[in-house]
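Just below is one structure, and these are the notes that go with it.
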Amino acid sequence: MSILSLQQVNKKYNQAIDFAINDVSFEVEEGEILALVGESGSGKTTLLRLIAGLEHPDSGIISLSGQKIVEGKRSVPAHERQVGMVFQDYALFPHLTILDNIKFGLKGSNQEVERVAKDTLRLVGLKEDYTKYPHQLSGGQQQRVALARAIAPNPKILLMDEPFSNLDAMLKDQIREEIRQIIKKTGITAIFVTHDTKDALSTADRIAILHKGFLQQIDIPKVLYENPVNPYVANFFGKRNEMEAIPTEDGYHTTFGFISDSEAKKHKNKVKLLFRPEHGEVVQRDGQQLSGKIVKISYFGSHQMVKLADDEGKRVTIRTNPGRSFEGMDRAQFFLWKYDVEEAY
Amino acid sequence: MKTVKQSYYWWNKWTGYSILILLLVATPLFTIFFKLFDKPGGSWEHIANNLLFGYFQNTIFLLIGVAVLTFLLGVSTAWLVSNYEFPGRRYFEWLLILPLGFPGYIMAYTYVGILDYTGPIQVFLRNNFDIQVKGSLIDIMNLPGAIFILSITLFPYVFLITRSSFLQQSKTLQEASFLLGANRFTTFFKVALPMARPAIVAGIALAAMEVLNDYGTVKYFGVNTFTTGIFRAWFSMGDASTAIYLAAILMVFVFVILYLESIQRGNRQYSSSNGSQKPTARVHPSIGKKLLYSAICLTIFLLSFLFPFLQLLNWVSMTYHKVVNQDFFLLIYRSFGLAAVTGFSIVVFSVILLYALRLSPFKWVKNITKVATLGYAIPGAVIAVGVMIPFIALDKWIYSNLITSQTAGLFFSGTLFALVFAYIVRFMAVGYNPVEAGFQKIGIHVNEASRLLGVRSTKTLWKIDLPLIKTSLVSGIILVFVDVLKELPLTLILRPFNYQTLATKAFDMATNEMIAESANAALIIILTGIIPIIFLNRLIRKREL
């Protein structure tokens with residue numbers, strides 16, 4: 001069942017010409033983790049704040065667990081929405097202790113509040129002294145407190161704004177996984193905003209991509225990566241190689257060589273072949289006679305990137321395993337096991 | 001949970017309160033504006049034919065003179081203390097701000113006393129050299145004298161803002177200028193000064209506003225300006241509509257200054273936000289130059305603060321046994337009470353306005369706060385007239401409609417309520433700015449976090465925002481407190497009959513040939529004024545580190 005639904009939501013800032021959010025509609029299922037990704041200025045944080053009730057749309061409907069919380073100019077105030085939020089800067093109350101920060105949003109008898117607060121702190125794995133103040137904690141610990149504070153009142157939905165951006169690279173992978181597990185354990189529905197595709201791919205159940213206020217595509221990571229609906233989405237997850245090709249009856253002629261493909265006859269004009277570096281391999285295989293001059297080899301530890309050039313100097317990048325040696329080689333043959341075809345003109 | 005049908009997002013009680021505050025605070029302005037369309041009073045023709053040109057001339061000369069002199073005093077000292085190392089440099093940084101604690105009118109009659117027949121200079125000359133001077137040593141009770149007095153009390157505005165601008169200028173810019181072959185002198189005129197221009201003009205504009213506001217100095221020196229004209233029309237001629245005409249002309253001056261300040265500032269951003277924030281390293285000049293720089297700063301400090309301050313102390317030691325009695329303590333109690341009530345009210349209003357803006361960051365709310373804090377630019381006499389007229393009308397209405405007996409007193413006009421209300425209009429911005437800075441510093445996220453945790457906006461204000469901006473609230477109250485204590489023209493017009501504050505008492509005594517006695521009240525005003533000055537300097541110095 002969908003817990004959150006947005007219908008044709010629009011939002012424009014005071015003097016801006018462009019809409020910050022443009023006719024966005026989507027639904028979020030109960031218990032899922034949705035990532036909102038996009039470049040800065042794409043409207044992803046605005047969207048999060050609209051759901052929270054911290055900003056107000058110009059038009060559209062937002063419903064949370066079946067109740068309308070926004071309809072045009074009317075809206076339920078933020079403090080009545082039962083929405084949890086983890087801010088990018090954590091926004092912990094600096095004048096309250098860790099425990100008081102968690103207790104802030106809890107209602108009930110003192111005993112009850114104390115118990116829930118401590119349980120939540122245990123859940124997020126904070127082993128610090130609870131009477132400390134936020135500034136006495138490390139960044140990672142502050143984030144756990146922020147998460148605990150947001151989930152302690154048992155909100156209908158949890159919103160997180162760039163939750164991993166303040167963590168250093170070493171800590172990030174570990175915390176990303178831990179947070180995913182905590183969220184899954186509580187069964188809470190979560191939406192988080194990020195500009196980092198790695199965060200989105202590894203943490204989210206589904207990903208929504210925003211560009212200039214428009215929702216581009218919303219789907220599971222695999223579909224977005226493999227079947228992007230448009231070039232923007234495709235390029236968002238890493239650069240794709242482009243290769244010009246002339247279709248014939250039985251394949252494509254490219255500047256790197258010939259690829260046999262029975263589908264080629266569907267096209268009449270020049271096309272572009274688009275593929276990711278990992279969709280190629282530096283080996284020869286039947287049906288494709290592709291080769292290029294080795295221009296540059298970059299070593300990344302877990303893999304190598306090989307740049308190959310055709311006679312005109314146009315380049316493609318192919319990913320290969322790190323053990324492979326190219327010593328003494330001038331040219332390399334390669335093979336594409338997957339590519340998209342786009343009409344060039 | 002409320003349903004959507006019940007609440008419009010742009011409406012909450014905070015925006016409601018801020019509209020109310022706006023209506024109250026802007027009343028004096030609207031009054032002046034609408035009364036302009038009435039016929040001028042009977043004395044208008046007389047004033048227009050005989051006095052207006054003089055008012056105009058004096059006000060213009062006063063403005064130009066003070067602008068030039070504060071520029072010279074303020075910029076030169078700011079450049080010296082931020083670029084050179086010389087004996088006393090660290091102390092001059094804050095000593096040169098102290099003159100701000102001296103209200104112009106007190107400075108005026110202190111100087112008259114210093115130069116007088118019984119003053120220390122003439123006594124010294126008589127006793128040691130047997131030199132007799134006829135009358136005053138130098139006659140300063142004229143326009144140049146007023147320019148001098150106002151400049152030495154107001155140059156710290158220019159000094160303060162220019163100094164912080166010099167400190168913010170990035171080190172690399174001046175180094176680049178040196179490497180391109182310019183010496184310190186050319187660098188100052190070609191790089192540092194043009195970059196500090198917006199700051200310098202802002203400082204001079206502040207000083208100019210204070211000149212337009214001044215009544216005590218020009219009245220004491222017999223220089224007729226628009227402000228004294230308003231007093232004359234109001235008190236001597238009892239002609240309210242003429243006072244309003246004069247007030248409106250004075251407002252034209254204010255808006256011209258505000259306009260000039262804003263167009264020169266334009267959209268240019270001279271403070272480079274990127275790159276090194278380190279100020280230029282101070283240079284150690286030759287011994288001779290060091291002594292010269294110390295001498296310059298020392299002379300300015302002696303003239304603008306220490307000499308007059310010592311003179312006041314001297315007078316106090318001579319007269320305190322006559323003056324400091326129960327009545328005097330009553331005076332202190334009243335003045336401090338008025339200042340505290342005003343400070344507190346302004347901070348409460350500022351919190352309401354800013355909280356409305358915080359919850360509903362819309363343009364129209366922002367505009368409300370802008371209009372509500374406009375009073376700082378409006379001369380006290382103008383505000384007084386603008387407050388008096390609607391209050392008198394209100395009292396008349398109450399008498400004709402609600403009360404039949406003739407014994408009841410006035411309800412609004414001529415009451416402390418009217419006085420405090422006018423103070424609030426005039427000094428709103430003084431308390432508003434630190435509160436705004438406080439809110440900006442803590443950011444909006446803590447507030448949003450609290451509301452998302454289910455806590456209403458009012459409770460969030462009490463539990464999160466206010467505890468976090470405590471120091472800003474206190475500094476807002478202190479800054480307003482000091483300004484109210486110093487305030488003269490507005491208090492003179494609006495105070496209840498025979499009601500004295502420290503400022504009015506000091507002024508009354510001084511104008512009645514009791515200068516020495518007036519020093520007691522003056523000293524308390526100045527000492528109270530020095531506290532936030534030192535406080536302010538700390539803030540700037542922190543930025544320097």
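Here, A, B, ... name the chains of the structure tokens in the order displayed, residue numbers run from 1 inside each chain, and ligands are numbered from 1 in the same displayed order.
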
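Excluding Lys366 (chain B) itself and any same-chain residue fewer than 2 positions from it, the protein and nucleic acid residues within 12 Å of it, counting only C-alpha atoms, are Thr15, Ser18, Ile19, Leu22, Leu353, Leu354, Tyr355, Ala356, Leu357, Arg358, Leu359, Ser360, Pro361, Phe362, Lys363, Trp364, Ile368, Thr369, Lys370, Val371, Ala372 and Thr373 of chain B.
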
Resulting file, chosen residues, C-alpha atoms, as a PDB file, in the first residue's frame:
```
ATOM      1  CA  THR B  15       2.158  36.899  10.769  1.00  0.00           C
ATOM      2  CA  SER B  18       3.585  41.290  12.939  1.00  0.00           C
ATOM      3  CA  ILE B  19       0.893  43.052  10.906  1.00  0.00           C
ATOM      4  CA  LEU B  22       3.552  47.227  11.739  1.00  0.00           C
ATOM      5  CA  LEU B 353       8.605  40.079  13.804  1.00  0.00           C
ATOM      6  CA  LEU B 354      11.613  37.865  13.203  1.00  0.00           C
ATOM      7  CA  TYR B 355       9.840  34.715  14.267  1.00  0.00           C
ATOM      8  CA  ALA B 356       7.017  35.451  11.834  1.00  0.00           C
ATOM      9  CA  LEU B 357       9.631  35.847   9.106  1.00  0.00           C
ATOM     10  CA  ARG B 358      11.342  32.673  10.243  1.00  0.00           C
ATOM     11  CA  LEU B 359       8.166  30.618  10.008  1.00  0.00           C
ATOM     12  CA  SER B 360       6.847  32.309   6.879  1.00  0.00           C
ATOM     13  CA  PRO B 361       9.796  33.548   4.843  1.00  0.00           C
ATOM     14  CA  PHE B 362       7.660  35.406   2.329  1.00  0.00           C
ATOM     15  CA  LYS B 363       8.445  38.696   0.732  1.00  0.00           C
ATOM     16  CA  TRP B 364       5.527  40.546   2.262  1.00  0.00           C
ATOM     17  CA  ILE B 368       6.727  44.380   7.099  1.00  0.00           C
ATOM     18  CA  THR B 369       9.894  44.044   9.144  1.00  0.00           C
ATOM     19  CA  LYS B 370      11.662  46.547   6.903  1.00  0.00           C
ATOM     20  CA  VAL B 371       9.017  49.219   7.418  1.00  0.00           C
ATOM     21  CA  ALA B 372       8.775  48.489  11.133  1.00  0.00           C
ATOM     22  CA  THR B 373      12.490  49.193  11.607  1.00  0.00           C
TER      23      THR B 373
END
```

Backbone-only DSSP, helix (DSSP H, G or I) members of region 318-496 of chain B, as a PyMOL selection string: chain B and resi 318-323+326-359+363-372+374-377+380-401+416-442+445-452+457-468+470-486+489-494

What are the closest atom pairs, with distances in Å to one decimal, for each residue of chain A lying within 9 Å of chain B, using only C-alpha atoms, rows by chain and rising residue number, as a Markdown table?
```
| residue | atom | partner | partner_atom | distance |
| --- | --- | --- | --- | --- |
| A:Asn14 | CA | B:Lys363 | CA | 7.6 |
| A:Ala52 | CA | B:Leu452 | CA | 7.4 |
| A:Gly53 | CA | B:Leu452 | CA | 8.4 |
| A:Leu54 | CA | B:Glu448 | CA | 7.2 |
| A:Glu55 | CA | B:Ser360 | CA | 8.9 |
| A:His56 | CA | B:Tyr9 | CA | 7.1 |
| A:Gln67 | CA | B:Thr3 | CA | 7.9 |
| A:Lys68 | CA | B:Val4 | CA | 6.5 |
| A:Ile69 | CA | B:Val4 | CA | 5.7 |
| A:Val70 | CA | B:Val4 | CA | 6.2 |
| A:Glu71 | CA | B:Val4 | CA | 6.7 |
| A:Lys73 | CA | B:Tyr8 | CA | 6.0 |
| A:Arg74 | CA | B:Tyr8 | CA | 4.4 |
| A:Ser75 | CA | B:Val4 | CA | 4.9 |
| A:Val76 | CA | B:Val4 | CA | 5.3 |
| A:Pro77 | CA | B:Tyr9 | CA | 7.1 |
| A:Ala78 | CA | B:Leu452 | CA | 5.7 |
| A:His79 | CA | B:Gly454 | CA | 4.1 |
| A:Glu80 | CA | B:Met1 | CA | 5.6 |
| A:Arg81 | CA | B:Met1 | CA | 7.1 |
| A:Gln82 | CA | B:Gly454 | CA | 6.6 |
| A:Val83 | CA | B:Leu452 | CA | 6.1 |
| A:Gly84 | CA | B:Leu452 | CA | 6.2 |
| A:Met85 | CA | B:Ala449 | CA | 6.9 |
| A:Val86 | CA | B:Ala449 | CA | 8.0 |
| A:Phe87 | CA | B:His445 | CA | 7.2 |
| A:Asp89 | CA | B:His445 | CA | 8.1 |
| A:Tyr90 | CA | B:His445 | CA | 8.2 |
| A:Ala91 | CA | B:Val446 | CA | 4.8 |
| A:Leu92 | CA | B:Val446 | CA | 6.5 |
| A:Phe93 | CA | B:Val446 | CA | 6.2 |
| A:Pro94 | CA | B:Leu468 | CA | 8.0 |
| A:His95 | CA | B:Leu468 | CA | 7.1 |
| A:Phe104 | CA | B:Leu453 | CA | 7.4 |
| A:Gly105 | CA | B:Leu453 | CA | 4.6 |
| A:Leu106 | CA | B:Leu453 | CA | 7.9 |
| A:Arg149 | CA | B:Leu453 | CA | 8.3 |
| A:Ala150 | CA | B:Leu453 | CA | 7.2 |
| A:Pro153 | CA | B:Leu453 | CA | 7.4 |
| A:Pro155 | CA | B:Leu453 | CA | 8.7 |
```

Contact residues around Ile218 (chain A) with only C-alpha atoms at 7 Å, ignoring same-chain residues under 2 positions, as a compact mmCIF listing (two decimals) with C-alpha atoms, in the first residue's frame:
```txt
# COMPACT_ATOMS: atom_id res chain seq x y z
CA ARG A 206 13.99 2.61 -5.41
CA ILE A 207 15.53 5.75 -6.85
CA ALA A 208 13.83 8.87 -8.18
CA ILE A 209 15.91 11.11 -10.43
```

List as a compact mmCIF listing (two decimals) with N, CA and C atoms, in the first residue's frame the protein and nucleic acid residues near Phe256 (chain A), meaning an atom at most 12 Å away when only C-alpha atoms are counted, but skip any in the same chain fewer than 3 places from it.
```
# COMPACT_ATOMS: atom_id res chain seq x y z
N GLU A 242 30.47 6.93 -26.59
CA GLU A 242 29.70 7.12 -27.81
C GLU A 242 30.54 6.68 -29.00
N MET A 243 29.91 5.97 -29.91
CA MET A 243 30.62 5.50 -31.08
C MET A 243 29.71 5.72 -32.29
N GLU A 244 30.18 6.45 -33.27
CA GLU A 244 29.35 6.64 -34.47
C GLU A 244 29.35 5.38 -35.31
N ALA A 245 28.19 5.08 -35.88
CA ALA A 245 28.12 3.82 -36.64
C ALA A 245 27.19 3.96 -37.84
N ILE A 246 27.53 3.24 -38.93
CA ILE A 246 26.66 3.21 -40.12
C ILE A 246 26.04 1.83 -40.22
N TYR A 252 26.98 -3.13 -37.91
CA TYR A 252 27.36 -1.70 -37.91
C TYR A 252 28.81 -1.54 -38.30
N HIS A 253 29.08 -0.57 -39.19
CA HIS A 253 30.45 -0.16 -39.46
C HIS A 253 30.80 1.01 -38.55
N ILE A 259 30.76 -4.47 -36.21
CA ILE A 259 30.01 -5.25 -35.23
C ILE A 259 28.86 -5.93 -35.95
N LEU A 273 26.24 4.45 -31.10
CA LEU A 273 26.22 3.31 -30.18
C LEU A 273 26.68 3.84 -28.83
N GLN A 288 32.74 -9.63 -33.75
CA GLN A 288 33.14 -8.23 -33.63
C GLN A 288 34.63 -8.12 -33.90
N GLN A 289 34.98 -7.22 -34.83
CA GLN A 289 36.40 -6.99 -35.06
C GLN A 289 36.72 -5.55 -34.69
N LEU A 290 36.74 -5.29 -33.38
CA LEU A 290 36.98 -3.92 -32.93
C LEU A 290 38.39 -3.82 -32.37
N SER A 291 39.06 -2.75 -32.75
CA SER A 291 40.37 -2.53 -32.14
C SER A 291 40.68 -1.04 -32.14
N GLY A 292 41.59 -0.64 -31.21
CA GLY A 292 41.97 0.76 -31.13
C GLY A 292 43.38 0.89 -30.60
N LYS A 293 43.93 2.07 -30.79
CA LYS A 293 45.27 2.35 -30.31
C LYS A 293 45.20 2.64 -28.81
N LEU A 308 41.07 3.87 -25.56
CA LEU A 308 41.47 3.44 -26.90
C LEU A 308 41.02 4.49 -27.91
N ALA A 309 41.84 4.70 -28.93
CA ALA A 309 41.50 5.72 -29.93
C ALA A 309 41.41 5.08 -31.32
N ASP A 310 40.49 5.63 -32.15
CA ASP A 310 40.44 5.17 -33.54
C ASP A 310 41.41 6.00 -34.39
N ASP A 311 41.34 5.84 -35.70
CA ASP A 311 42.30 6.54 -36.56
C ASP A 311 42.10 8.05 -36.54
N GLU A 312 40.85 8.47 -36.28
CA GLU A 312 40.58 9.91 -36.26
C GLU A 312 40.89 10.53 -34.91
N GLY A 313 41.22 9.69 -33.93
CA GLY A 313 41.54 10.22 -32.61
C GLY A 313 40.37 10.19 -31.64
N LYS A 314 39.19 9.74 -32.08
CA LYS A 314 38.05 9.62 -31.16
C LYS A 314 38.32 8.49 -30.16
N ARG A 315 37.86 8.71 -28.92
CA ARG A 315 38.26 7.77 -27.87
C ARG A 315 37.08 7.08 -27.21
N VAL A 316 37.30 5.86 -26.73
CA VAL A 316 36.35 5.18 -25.86
C VAL A 316 37.13 4.62 -24.68
N ARG A 331 48.31 -1.71 -29.74
CA ARG A 331 46.88 -1.69 -30.00
C ARG A 331 46.21 -2.78 -29.18
N ALA A 332 44.90 -2.63 -28.97
CA ALA A 332 44.18 -3.70 -28.27
C ALA A 332 42.87 -3.95 -28.99
N GLN A 333 42.45 -5.22 -28.97
CA GLN A 333 41.16 -5.55 -29.55
C GLN A 333 40.14 -5.59 -28.44
N PHE A 334 38.92 -5.23 -28.74
CA PHE A 334 37.91 -5.27 -27.70
C PHE A 334 36.56 -5.70 -28.25
N PHE A 335 35.64 -5.86 -27.29
CA PHE A 335 34.36 -6.47 -27.60
C PHE A 335 33.28 -5.80 -26.75
N LEU A 336 32.12 -5.54 -27.32
CA LEU A 336 31.01 -4.96 -26.55
C LEU A 336 29.94 -6.01 -26.36
```

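Compared by their closest atoms to Ala108 (chain B), and using only C-alpha atoms, the residues B:Ser400, B:Ser304, B:Ser76, B:Ser241 rank with B:Ser304 nearest.
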
Within 6 Å of Gly438 (chain B) using only C-alpha atoms, minus same-chain residues under 2 positions, as a list in words: Val435, Glu436, Gln440, Lys441, Ile469 and Ser472 of chain B
